[in-house]
$ cat protein-v9.pdb   # PDB, C-alpha atoms
MODEL        1
ATOM      1  CA  MET A   1      -2.066  -9.240   5.758  1.00  0.00           C
ATOM      2  CA  GLU A   2      -5.542  -7.806   5.262  1.00  0.00           C
ATOM      3  CA  VAL A   3      -7.291  -5.262   7.483  1.00  0.00           C
ATOM      4  CA  ARG A   4     -10.789  -3.911   6.940  1.00  0.00           C
ATOM      5  CA  PHE A   5     -10.797  -0.327   5.670  1.00  0.00           C
ATOM      6  CA  HIS A   6     -12.490   2.122   8.040  1.00  0.00           C
ATOM      7  CA  SER A   7     -13.356   5.795   7.779  1.00  0.00           C
ATOM      8  CA  GLY A   8     -10.601   6.916  10.153  1.00  0.00           C
ATOM      9  CA  PHE A   9      -7.801   5.229   8.234  1.00  0.00           C
ATOM     10  CA  ASP A  10      -6.931   8.241   6.050  1.00  0.00           C
ATOM     11  CA  ALA A  11      -6.710  10.560   9.070  1.00  0.00           C
ATOM     12  CA  GLN A  12      -4.519   8.088  10.952  1.00  0.00           C
ATOM     13  CA  LYS A  13      -2.343   7.543   7.880  1.00  0.00           C
ATOM     14  CA  GLU A  14      -1.643  11.273   7.632  1.00  0.00           C
ATOM     15  CA  ALA A  15      -1.274  11.880  11.378  1.00  0.00           C
ATOM     16  CA  PHE A  16       1.406   9.202  11.700  1.00  0.00           C
ATOM     17  CA  SER A  17       2.972   9.565   8.205  1.00  0.00           C
ATOM     18  CA  PHE A  18       2.124   5.915   7.637  1.00  0.00           C
ATOM     19  CA  ARG A  19       3.532   4.469   4.416  1.00  0.00           C
ATOM     20  CA  PHE A  20       2.575   1.030   3.148  1.00  0.00           C
ATOM     21  CA  THR A  21       2.236   1.059  -0.647  1.00  0.00           C
ATOM     22  CA  CYS A  22       4.698  -0.154  -3.263  1.00  0.00           C
ATOM     23  CA  GLU A  23       5.662   3.364  -4.246  1.00  0.00           C
ATOM     24  CA  ASP A  24       7.257   3.841  -0.793  1.00  0.00           C
ATOM     25  CA  CYS A  25       8.949   0.431  -0.730  1.00  0.00           C
ATOM     26  CA  ALA A  26      12.652  -0.156  -1.324  1.00  0.00           C
ATOM     27  CA  HIS A  27      11.770  -3.182  -3.509  1.00  0.00           C
ATOM     28  CA  PHE A  28       9.661  -1.173  -5.973  1.00  0.00           C
ATOM     29  CA  ASP A  29      11.014  -0.713  -9.498  1.00  0.00           C
ATOM     30  CA  GLU A  30       9.820   2.715 -10.642  1.00  0.00           C
ATOM     31  CA  ARG A  31      10.799   2.009 -14.262  1.00  0.00           C
ATOM     32  CA  ASP A  32       8.089  -0.571 -14.841  1.00  0.00           C
ATOM     33  CA  GLY A  33       6.058  -0.524 -11.602  1.00  0.00           C
ATOM     34  CA  SER A  34       7.035  -4.037 -10.593  1.00  0.00           C
ATOM     35  CA  CYS A  35       8.269  -5.583  -7.373  1.00  0.00           C
ATOM     36  CA  LEU A  36      11.971  -6.449  -7.477  1.00  0.00           C
ATOM     37  CA  HIS A  37      11.140  -9.725  -5.705  1.00  0.00           C
ATOM     38  CA  GLY A  38       8.623 -10.624  -8.377  1.00  0.00           C
ATOM     39  CA  PHE A  39       5.569 -10.432  -6.119  1.00  0.00           C
ATOM     40  CA  PRO A  40       2.273  -9.419  -7.730  1.00  0.00           C
ATOM     41  CA  ASN A  41       1.638  -5.892  -6.501  1.00  0.00           C
ATOM     42  CA  GLY A  42      -1.706  -4.734  -7.871  1.00  0.00           C
ATOM     43  CA  LEU A  43      -3.297  -4.796  -4.414  1.00  0.00           C
ATOM     44  CA  HIS A  44      -0.410  -2.849  -2.862  1.00  0.00           C
ATOM     45  CA  ARG A  45      -0.205   0.120  -5.251  1.00  0.00           C
ATOM     46  CA  LEU A  46      -1.020   3.680  -4.170  1.00  0.00           C
ATOM     47  CA  ALA A  47      -3.692   4.180  -6.859  1.00  0.00           C
ATOM     48  CA  ARG A  48      -5.870   1.532  -5.188  1.00  0.00           C
ATOM     49  CA  TYR A  49      -6.059   3.622  -2.008  1.00  0.00           C
ATOM     50  CA  THR A  50      -6.483   7.092  -3.516  1.00  0.00           C
ATOM     51  CA  ARG A  51      -9.569   6.421  -5.658  1.00  0.00           C
ATOM     52  CA  ALA A  52     -12.959   7.799  -4.637  1.00  0.00           C
ATOM     53  CA  GLN A  53     -14.182   4.195  -4.369  1.00  0.00           C
ATOM     54  CA  ARG A  54     -12.191   2.871  -1.394  1.00  0.00           C
ATOM     55  CA  PRO A  55     -11.361  -0.820  -1.119  1.00  0.00           C
ATOM     56  CA  GLU A  56     -13.089  -2.899   1.549  1.00  0.00           C
ATOM     57  CA  VAL A  57      -9.750  -4.161   2.820  1.00  0.00           C
ATOM     58  CA  ILE A  58      -6.252  -2.731   3.082  1.00  0.00           C
ATOM     59  CA  VAL A  59      -3.688  -5.265   1.906  1.00  0.00           C
ATOM     60  CA  PHE A  60      -0.222  -5.038   3.448  1.00  0.00           C
ATOM     61  CA  CYS A  61       2.749  -6.667   1.760  1.00  0.00           C
ATOM     62  CA  LYS A  62       4.705  -9.128   3.885  1.00  0.00           C
ATOM     63  CA  ASP A  63       7.970  -7.919   2.366  1.00  0.00           C
ATOM     64  CA  PHE A  64       7.486  -4.129   2.581  1.00  0.00           C
ATOM     65  CA  ASP A  65      10.706  -2.269   3.395  1.00  0.00           C
ATOM     66  CA  LEU A  66      10.459   1.513   3.738  1.00  0.00           C
ATOM     67  CA  ALA A  67      12.753   3.191   1.222  1.00  0.00           C
TER      68      ALA A  67
ENDMDL
END
$ encode --input "protein-v9.pdb" --output "structure tokens"
Amino acid sequence: MEVRFHSGFDAQKEAFSFRFTCEDCAHFDERDGSCLHGFPNGLHRLARYTRAQRPEVIVFCKDFDLA
């Protein structure tokens, strides 16, 4: 699912302790950075959302499971 990034997203993310990236997912393999289900995860990784250049859209994984 894709949602347009907006300026208030970071504040909302912190206020509600919102987690949505691979690094917080139960299916994330920390050893090699892959998804245990084999899904491509480049668009779901934390580094994409912490850069100075923010993405235009936030991409949520359909199989995210909070670890």
$ atom_distance --input "protein-v9.pdb" --atom1 "CA of Leu36 (chain A)" --atom2 "CA of Arg48 (chain A)"
19.7 Å
$ atom_distance --input "protein-v9.pdb" --atom1 "CA of Asp65 (chain A)" --atom2 "CA of His27 (chain A)"
7.0 Å
$ atom_distance --input "protein-v9.pdb" --atom1 "CA of His6 (chain A)" --atom2 "CA of Phe18 (chain A)"
15.1 Å
$ residues_around --input "protein-v9.pdb" --residues "Gly38 (chain A)" --least-positions-apart "5" --cutoff "12 Å" --atoms "only C-alpha atoms" --output "MDAnalysis selection string"
chainID A and resid 27:29 32:33 63
$ closest_residue --input "protein-v9.pdb" --among "A:Val3, A:Leu46, A:Cys35, A:Val57" --to "Phe20 (chain A)" --atoms "only C-alpha atoms"
A:Leu46
$ resolve_selection --input "protein-v9.pdb" --expression "the PyMOL selection byres ((chain A and resi 25) around 7)" --output "list in words"
Thr21, Cys22, Glu23, Asp24, Ala26, His27, Phe28, Phe64, Asp65, Leu66 and Ala67 of chain A
$ closest_residue --input "protein-v9.pdb" --among "A:Cys61, A:Glu14, A:Gln53, A:Arg4" --to "Asn41 (chain A)" --atoms "only C-alpha atoms"
A:Cys61
$ closest_residue --input "protein-v9.pdb" --among "A:Glu2, A:Asp10, A:Arg31, A:Ile58" --to "Arg45 (chain A)" --atoms "only C-alpha atoms"
A:Ile58
$ axis_aligned_box --input "protein-v9.pdb" --around "region 34-40 of chain A" --padding-each-side "6 Å" --output "JSON"
{"center_x": 7.1, "center_y": -7.3, "center_z": -8.1, "size_x": 21.7, "size_y": 18.6, "size_z": 16.9}
